[in-house]
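S.K.: Got a structure here, written out as structure tokens. Questions coming.
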Amino acid sequence: MSVSALDSRVFRNLFGTQEIRGVFTDEAYVSRLIETEAALARAESAVGVIPGDAGGVITRALENVKIDFDRLSSETDIVGYPVLPLVRQLVEQTPPEHAKYIHWGATTQDIMDDASVLQIRQGLKIVRRELELLRDVLAKLAEKYKDTPMAGRTHLQHALPCTFGYKCAVYLSSIIRHLQRLTEIESRALMVQFGGAAGTLASLGTSSDGIKVRAALARELSLVDPPITWHVARDNVAEILNFLALLGGTLGKIAYDLIVMSSNELGEVSEPFVPHRGASSTMPQKRNPISSEVILAASKLLRANAGLGLDAMVVDFERASGPWHLEWVAIPEAFVLGVGSLHQANFALGGLVVNAGAMSSNLHSTRGLIVGEAVMMSLAPRVGRQKAHDIVYDACRVAIETDTKLADVLKQDKDVMVALDATKVEELCDPLNYLGASQLMVDRVLEDVR
């Protein structure tokens with residue numbers, strides 16, 4: 001029985017994918033706990049902390065272990081953590097002479113953190129794949145529509161002309177940076193955990209054996225070997241959660257644009273047509289931007305989970321008395337939401353319907369007002385910037401009030417006609433002549449991709 005939209009049989013495929021949910025199921029998590037216990041035994045055998053054959057025997061036994069999840073759940077409810085109840089079952093199914101070396105010198109948080117990091121690593125691989133797909137989708141849009149003019153908007157009003165390819169390249173630039181962040185995270189934040197009860201590795205004596213075991217465990221699990229225990233230094237987890245929130249912020253911005261641009265009044269884009277997708281139960285004409293709506297909601301949830309990660313950093317002394325539990329909720333949810341958002345974005349943008357005609361019509365709808373700055377900047381060297389601003393400002397007011405082309409109003413102004421001729425005014429009032437360096441910047445972003 002589900003109590004969350006993320007694993008609800010009704011809503012789950014809106015907010016996530018089966019692949020990413022599979023990474024964070026109970027079965028997957030317990031499997032990672034067992035993987036860590038086996039790797040720890042092998043590492044300790046290699047260092048000589050436990051008998052040389054114990055690691056292999058334990059590993060083979062744990063490969064075939066059968067877990068009673070009802071029992072595990074019941075005992076976890078009593079203990080408060082799943083590791084001790086799990087170890088009991090592992091010991092029962094391992095030859096007695098070697099079973100006593102399972103979990104040797106470790107503490108619960110060691111095993112749980114390692115299992116979580118293994119899940120995170122697998123989740124980040126999926127994130128990378130989806131990010132790379134989105135990068136390629138946006139690169140194609142940016143290149144295809146590099147020269148497709150449209151109205152650039154600020155405060156939801158016409159500002160200056162740009163191209164749709166320019167908008168897509170702006171989105172793309174963020175995705176490129178997210179891929180760079182992901183590479184840094186993978187090299188820095190995926191650390192092995194092994195410190196014992198208070199992080200000091202005292203259970204393995206005063207020699208360097210504990211440090212050697214940690215290094216060997218890192219090799220077994222292909223994780224980063226940290227210089228010191230990070231039981232209460234949770235910046236790496238918080239960084240990962242905040243990375244997913246940053247990604248959600250970028251996707252939320254794209255989704256917000258698509259929602260507004262797909263409104264009937266603008267009609268510049270629409271999500272791919274799928275029969276009945278976005279349909280209304282009572283309004284048959286509706287084609288709601290469902291993917292964008294889901295992405296926008298998920299972006300807010302991702303920011304909330306990032307906050308939980310930051311709260312989980314503020315812990316007491318050498319082992320947290322509670323904040324750690326926040327990560328148990330935040331990590332799976334953030335990954336499901338993040339991958340789900342990427343999946344929706346790839347669907348929406350991969351088949352995006354672009355209405356270049358509507359973009360052109362909207363661009364010209366204000367009859368030259370959108371390039372008032374162009375006229376001002378051309379007048380300024382001749383009459384001064386402030387006077388030029390005042391002249392064009394007043395001309396724009398008259399054009400709006402009389403529903404007249406800006407060029408026609410300007411040609412009635414003596415100061416304008418002294419400084420500029422009629423042909424120049426018409427040229428300046430054509431939005432297609434004021435795209436700035438937008439197309440050049442598209443090329444630069446595409447070069448970054450290449």
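Residue numbers start at 1 in each chain; chains themselves are named A, B, ... in the order of the structure tokens; ligands are numbered from 1 in the order shown.
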Report as CSV: every residue of region 165-252 of chain A with an atom at most 12 Å from region 93-107 of chain A, its closest pair of atoms, and their distance in Å to one decimal, counting only C-alpha atoms, with rows sorted by chain and ascending residue number.
M.R.:
```
residue,atom,partner,partner_atom,distance
A:Gln193,CA,A:Ala106,CA,9.7
A:Phe194,CA,A:Ala106,CA,6.7
A:Gly195,CA,A:Ala106,CA,6.9
A:Gly196,CA,A:Ala106,CA,4.7
A:Ala197,CA,A:Thr107,CA,5.3
A:Ala198,CA,A:Thr107,CA,8.5
A:Gly199,CA,A:Thr107,CA,8.8
A:Thr200,CA,A:Gly105,CA,10.8
A:Leu201,CA,A:Gly105,CA,7.5
A:Ala202,CA,A:Gly105,CA,8.3
A:Ser203,CA,A:Gly105,CA,5.2
A:Leu204,CA,A:Gly105,CA,6.2
A:Gly205,CA,A:Gly105,CA,9.7
A:Asp209,CA,A:Gly105,CA,11.0
A:Gly210,CA,A:Gly105,CA,8.6
A:Ile211,CA,A:Gly105,CA,11.9
A:Val213,CA,A:Gly105,CA,10.1
A:Arg214,CA,A:Ala106,CA,10.5
A:Leu217,CA,A:Ala106,CA,11.7
A:Thr229,CA,A:Thr107,CA,11.9
A:His231,CA,A:Thr107,CA,10.4
```
S.K.: Kindly save the residues from that selection, with N, CA, C and O atoms included, as a PDB file, in the first residue's frame.
M.R.:
```
ATOM      1  N   GLN A 193      32.635   4.555   3.827  1.00  0.00           N
ATOM      2  CA  GLN A 193      32.498   4.851   5.261  1.00  0.00           C
ATOM      3  C   GLN A 193      32.953   3.641   6.071  1.00  0.00           C
ATOM      4  O   GLN A 193      32.471   2.522   5.846  1.00  0.00           O
ATOM      5  N   PHE A 194      33.895   3.849   6.981  1.00  0.00           N
ATOM      6  CA  PHE A 194      34.293   2.807   7.927  1.00  0.00           C
ATOM      7  C   PHE A 194      35.072   3.478   9.050  1.00  0.00           C
ATOM      8  O   PHE A 194      36.196   3.938   8.864  1.00  0.00           O
ATOM      9  N   GLY A 195      34.412   3.546  10.208  1.00  0.00           N
ATOM     10  CA  GLY A 195      35.049   4.234  11.326  1.00  0.00           C
ATOM     11  C   GLY A 195      34.821   3.587  12.674  1.00  0.00           C
ATOM     12  O   GLY A 195      35.447   3.970  13.656  1.00  0.00           O
ATOM     13  N   GLY A 196      33.881   2.627  12.732  1.00  0.00           N
ATOM     14  CA  GLY A 196      33.572   2.043  14.030  1.00  0.00           C
ATOM     15  C   GLY A 196      32.701   2.964  14.868  1.00  0.00           C
ATOM     16  O   GLY A 196      32.211   3.994  14.391  1.00  0.00           O
ATOM     17  N   ALA A 197      32.567   2.614  16.141  1.00  0.00           N
ATOM     18  CA  ALA A 197      31.547   3.219  17.003  1.00  0.00           C
ATOM     19  C   ALA A 197      31.558   4.739  17.040  1.00  0.00           C
ATOM     20  O   ALA A 197      30.519   5.382  16.923  1.00  0.00           O
ATOM     21  N   ALA A 198      32.734   5.348  17.205  1.00  0.00           N
ATOM     22  CA  ALA A 198      32.815   6.810  17.273  1.00  0.00           C
ATOM     23  C   ALA A 198      33.686   7.376  16.166  1.00  0.00           C
ATOM     24  O   ALA A 198      34.122   8.521  16.228  1.00  0.00           O
ATOM     25  N   GLY A 199      33.954   6.551  15.165  1.00  0.00           N
ATOM     26  CA  GLY A 199      34.721   7.008  14.021  1.00  0.00           C
ATOM     27  C   GLY A 199      36.216   6.848  14.147  1.00  0.00           C
ATOM     28  O   GLY A 199      36.958   7.120  13.200  1.00  0.00           O
ATOM     29  N   THR A 200      36.696   6.392  15.316  1.00  0.00           N
ATOM     30  CA  THR A 200      38.143   6.349  15.574  1.00  0.00           C
ATOM     31  C   THR A 200      38.800   5.036  15.169  1.00  0.00           C
ATOM     32  O   THR A 200      40.022   4.907  15.265  1.00  0.00           O
ATOM     33  N   LEU A 201      38.016   4.059  14.757  1.00  0.00           N
ATOM     34  CA  LEU A 201      38.520   2.721  14.398  1.00  0.00           C
ATOM     35  C   LEU A 201      39.228   2.027  15.565  1.00  0.00           C
ATOM     36  O   LEU A 201      40.092   1.170  15.370  1.00  0.00           O
ATOM     37  N   ALA A 202      38.844   2.406  16.787  1.00  0.00           N
ATOM     38  CA  ALA A 202      39.475   1.816  17.977  1.00  0.00           C
ATOM     39  C   ALA A 202      39.236   0.319  18.063  1.00  0.00           C
ATOM     40  O   ALA A 202      40.043  -0.416  18.663  1.00  0.00           O
ATOM     41  N   SER A 203      38.166  -0.175  17.467  1.00  0.00           N
ATOM     42  CA  SER A 203      37.864  -1.607  17.542  1.00  0.00           C
ATOM     43  C   SER A 203      38.917  -2.457  16.855  1.00  0.00           C
ATOM     44  O   SER A 203      39.022  -3.660  17.108  1.00  0.00           O
ATOM     45  N   LEU A 204      39.725  -1.840  15.991  1.00  0.00           N
ATOM     46  CA  LEU A 204      40.788  -2.575  15.304  1.00  0.00           C
ATOM     47  C   LEU A 204      42.164  -2.233  15.854  1.00  0.00           C
ATOM     48  O   LEU A 204      43.185  -2.488  15.210  1.00  0.00           O
ATOM     49  N   GLY A 205      42.191  -1.654  17.046  1.00  0.00           N
ATOM     50  CA  GLY A 205      43.459  -1.420  17.725  1.00  0.00           C
ATOM     51  C   GLY A 205      44.071  -0.060  17.416  1.00  0.00           C
ATOM     52  O   GLY A 205      43.477   0.783  16.742  1.00  0.00           O
ATOM     53  N   ASP A 209      45.854  -0.708  11.133  1.00  0.00           N
ATOM     54  CA  ASP A 209      45.032  -1.734  10.496  1.00  0.00           C
ATOM     55  C   ASP A 209      43.670  -1.189  10.062  1.00  0.00           C
ATOM     56  O   ASP A 209      43.177  -1.516   8.982  1.00  0.00           O
ATOM     57  N   GLY A 210      43.071  -0.388  10.927  1.00  0.00           N
ATOM     58  CA  GLY A 210      41.745   0.151  10.597  1.00  0.00           C
ATOM     59  C   GLY A 210      41.781   1.000   9.337  1.00  0.00           C
ATOM     60  O   GLY A 210      40.901   0.896   8.468  1.00  0.00           O
ATOM     61  N   ILE A 211      42.806   1.829   9.228  1.00  0.00           N
ATOM     62  CA  ILE A 211      42.948   2.683   8.042  1.00  0.00           C
ATOM     63  C   ILE A 211      43.201   1.835   6.810  1.00  0.00           C
ATOM     64  O   ILE A 211      42.682   2.116   5.723  1.00  0.00           O
ATOM     65  N   VAL A 213      42.159  -1.250   6.398  1.00  0.00           N
ATOM     66  CA  VAL A 213      40.893  -1.900   6.069  1.00  0.00           C
ATOM     67  C   VAL A 213      39.993  -0.929   5.302  1.00  0.00           C
ATOM     68  O   VAL A 213      39.355  -1.309   4.305  1.00  0.00           O
ATOM     69  N   ARG A 214      39.931   0.325   5.753  1.00  0.00           N
ATOM     70  CA  ARG A 214      39.092   1.307   5.056  1.00  0.00           C
ATOM     71  C   ARG A 214      39.552   1.478   3.611  1.00  0.00           C
ATOM     72  O   ARG A 214      38.729   1.545   2.691  1.00  0.00           O
ATOM     73  N   LEU A 217      38.497  -1.577   1.732  1.00  0.00           N
ATOM     74  CA  LEU A 217      37.050  -1.557   1.520  1.00  0.00           C
ATOM     75  C   LEU A 217      36.691  -0.594   0.388  1.00  0.00           C
ATOM     76  O   LEU A 217      35.817  -0.886  -0.435  1.00  0.00           O
ATOM     77  N   THR A 229      37.036   9.565   9.012  1.00  0.00           N
ATOM     78  CA  THR A 229      35.625   9.170   9.073  1.00  0.00           C
ATOM     79  C   THR A 229      34.718  10.384   8.865  1.00  0.00           C
ATOM     80  O   THR A 229      34.986  11.468   9.368  1.00  0.00           O
ATOM     81  N   HIS A 231      31.230  10.302   9.577  1.00  0.00           N
ATOM     82  CA  HIS A 231      29.931  10.050  10.222  1.00  0.00           C
ATOM     83  C   HIS A 231      29.126  11.333  10.419  1.00  0.00           C
ATOM     84  O   HIS A 231      27.896  11.349  10.234  1.00  0.00           O
TER      85      HIS A 231
END
```
S.K.: Taking the DSSP secondary structure from the backbone, can you list the residues of region 107-343 of chain A that are strand (DSSP E), as number ranges by chain?
M.R.: A: 149-154, 157-163, 269-270
S.K.: With a distance cut-off of 9 Å and only C-alpha atoms, select the neighbouring residues of Gly350 (chain A), excluding the residue or stretch itself and same-chain residues fewer than 2 positions from it, and output the selection as a ChimeraX atom specification.
M.R.: /A:134,137-138,141,272,345-348,352
S.K.: Print the selection's residues with N, CA, C and O atoms to a file, as a PDB file, in the first residue's frame.
M.R.:
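File written: out21.pdb
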```pdb
ATOM      1  N   LEU A 134      19.392  14.950 -22.586  1.00  0.00           N
ATOM      2  CA  LEU A 134      18.793  16.282 -22.616  1.00  0.00           C
ATOM      3  C   LEU A 134      19.737  17.288 -23.257  1.00  0.00           C
ATOM      4  O   LEU A 134      19.307  18.179 -24.010  1.00  0.00           O
ATOM      5  N   VAL A 137      19.378  16.840 -26.945  1.00  0.00           N
ATOM      6  CA  VAL A 137      18.079  17.338 -27.412  1.00  0.00           C
ATOM      7  C   VAL A 137      18.109  18.863 -27.523  1.00  0.00           C
ATOM      8  O   VAL A 137      17.683  19.443 -28.537  1.00  0.00           O
ATOM      9  N   LEU A 138      18.615  19.523 -26.489  1.00  0.00           N
ATOM     10  CA  LEU A 138      18.663  20.979 -26.495  1.00  0.00           C
ATOM     11  C   LEU A 138      19.642  21.499 -27.540  1.00  0.00           C
ATOM     12  O   LEU A 138      19.409  22.553 -28.147  1.00  0.00           O
ATOM     13  N   LEU A 141      17.839  21.539 -30.812  1.00  0.00           N
ATOM     14  CA  LEU A 141      16.877  22.647 -30.863  1.00  0.00           C
ATOM     15  C   LEU A 141      17.595  23.979 -31.059  1.00  0.00           C
ATOM     16  O   LEU A 141      17.152  24.826 -31.843  1.00  0.00           O
ATOM     17  N   PRO A 272       4.644  17.368 -27.136  1.00  0.00           N
ATOM     18  CA  PRO A 272       4.295  16.398 -28.183  1.00  0.00           C
ATOM     19  C   PRO A 272       2.859  15.917 -28.044  1.00  0.00           C
ATOM     20  O   PRO A 272       2.355  15.732 -26.934  1.00  0.00           O
ATOM     21  N   ALA A 345      11.319  15.943 -19.118  1.00  0.00           N
ATOM     22  CA  ALA A 345      11.916  17.000 -19.941  1.00  0.00           C
ATOM     23  C   ALA A 345      12.368  16.442 -21.289  1.00  0.00           C
ATOM     24  O   ALA A 345      12.188  17.092 -22.334  1.00  0.00           O
ATOM     25  N   ASN A 346      12.954  15.260 -21.273  1.00  0.00           N
ATOM     26  CA  ASN A 346      13.390  14.658 -22.529  1.00  0.00           C
ATOM     27  C   ASN A 346      12.213  14.326 -23.433  1.00  0.00           C
ATOM     28  O   ASN A 346      12.298  14.449 -24.664  1.00  0.00           O
ATOM     29  N   PHE A 347      11.102  13.930 -22.823  1.00  0.00           N
ATOM     30  CA  PHE A 347       9.896  13.678 -23.613  1.00  0.00           C
ATOM     31  C   PHE A 347       9.363  14.982 -24.202  1.00  0.00           C
ATOM     32  O   PHE A 347       9.109  15.073 -25.411  1.00  0.00           O
ATOM     33  N   ALA A 348       9.208  16.002 -23.355  1.00  0.00           N
ATOM     34  CA  ALA A 348       8.594  17.255 -23.800  1.00  0.00           C
ATOM     35  C   ALA A 348       9.442  17.962 -24.851  1.00  0.00           C
ATOM     36  O   ALA A 348       8.931  18.430 -25.876  1.00  0.00           O
ATOM     37  N   LEU A 352       9.102  18.427 -29.020  1.00  0.00           N
ATOM     38  CA  LEU A 352       8.474  19.742 -28.902  1.00  0.00           C
ATOM     39  C   LEU A 352       7.968  20.243 -30.255  1.00  0.00           C
ATOM     40  O   LEU A 352       8.679  20.201 -31.264  1.00  0.00           O
TER      41      LEU A 352
END
```
S.K.: Rounded to one decimal in Å, what is the spacing between CA of Arg60 (chain A) and CA of Ile78 (chain A)?
M.R.: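 These atoms are spaced 29.4 Å apart.
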S.K.: Which residues, written as a list in words, have at least one atom at most 7 Å from Ile331 (chain A), with only C-alpha atoms counted and residues fewer than 4 positions away on the same chain left out?
M.R.: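 Answer for this query is Leu241, Glu327 and Phe335 of chain A.
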S.K.: Taking only C-alpha atoms into account, name the residue in A:Val10, A:Val354, A:Leu308, A:Val375 that is nearest to Ala334 (chain A).
M.R.: A:Leu308
S.K.: Taking the chain letters and numbering used in this document, name the residues of region 201-442 of chain A that DSSP puts in helix (DSSP H, G or I), as a VMD selection string.
M.R.: chain A and resid 202 to 204 209 to 221 235 to 261 290 to 311 324 to 350 356 to 364 369 to 383 385 to 402 406 to 410 414 to 419 422 to 428 431 to 433 438 to 442
S.K.: Ranking A:Val127, A:Val170, A:Val294, A:Val232 by minimum distance to Leu244 (chain A) and counting only C-alpha atoms, which one comes first?
M.R.: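 Of all the options, A:Val127 lies closest to Leu244 (chain A).
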S.K.: Ranking A:Asp53, A:Glu37, A:Glu132, A:Asn236 by minimum distance to Ile120 (chain A) and counting only C-alpha atoms, which one comes first?
M.R.: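 Under the stated criterion, the closest residue is A:Asn236.
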S.K.: Which of these residues is nearest to Leu84 (chain A), using only C-alpha atoms: A:Ala142, A:Met112, A:Met261, A:Ile20?
M.R.: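 Checking each candidate against Leu84 (chain A), we get A:Met112 as the closest.
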S.K.: Neighbours of Ile67 (chain A) within 12 Å (only C-alpha atoms; same-chain residues fewer than 5 positions away dropped), as an MDAnalysis selection string?
M.R.: chainID A and resid 26:27 30:31 33:34 62 72:73 85:93
S.K.: Could you check which of A:Pro289, A:Gly165, A:Pro332, A:Pro323 is closest to Asp7 (chain A), using only C-alpha atoms?
M.R.: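 Closest residue, counting only C-alpha atoms: A:Pro332.
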S.K.: Excluding Ile175 (chain A) and its own-chain neighbours fewer than 2 positions away, which residues fall within 8 Å of it when counting only C-alpha atoms? Please give them as JSON, numbers by chain.
M.R.: {"A": [131, 134, 135, 171, 172, 173, 177, 178, 179, 247, 250]}
S.K.: Which is closest to Arg219 (chain A) among A:Val260, A:Met191, A:Ile111, A:Leu246, if we use only C-alpha atoms?
M.R.: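 Looking at the shortest contact to Arg219 (chain A), the residue is A:Met191.
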S.K.: Identify, on the basis of only C-alpha atoms, every residue whose closest approach to region 389-404 of chain A does not exceed 7 Å; exclude the query and any residue fewer than 3 positions from it along the same chain; express the result as a list in words.
M.R.: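 The contact residues come out as Leu369, Gly372, Met376, Arg385, Gln386, Asp408, Val409 and Leu410 of chain A.
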S.K.: So the first atom is CA of Leu432 (chain A) and the second is CA of Gln412 (chain A); what is the distance between them in Å, to one decimal place?
M.R.: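 Rounded to one decimal, the two atoms are 23.1 Å apart.
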S.K.: So the first atom is CA of Ala43 (chain A) and the second is CA of Thr108 (chain A); what is the distance between them in Å, to one decimal place?
M.R.: 17.4 Å
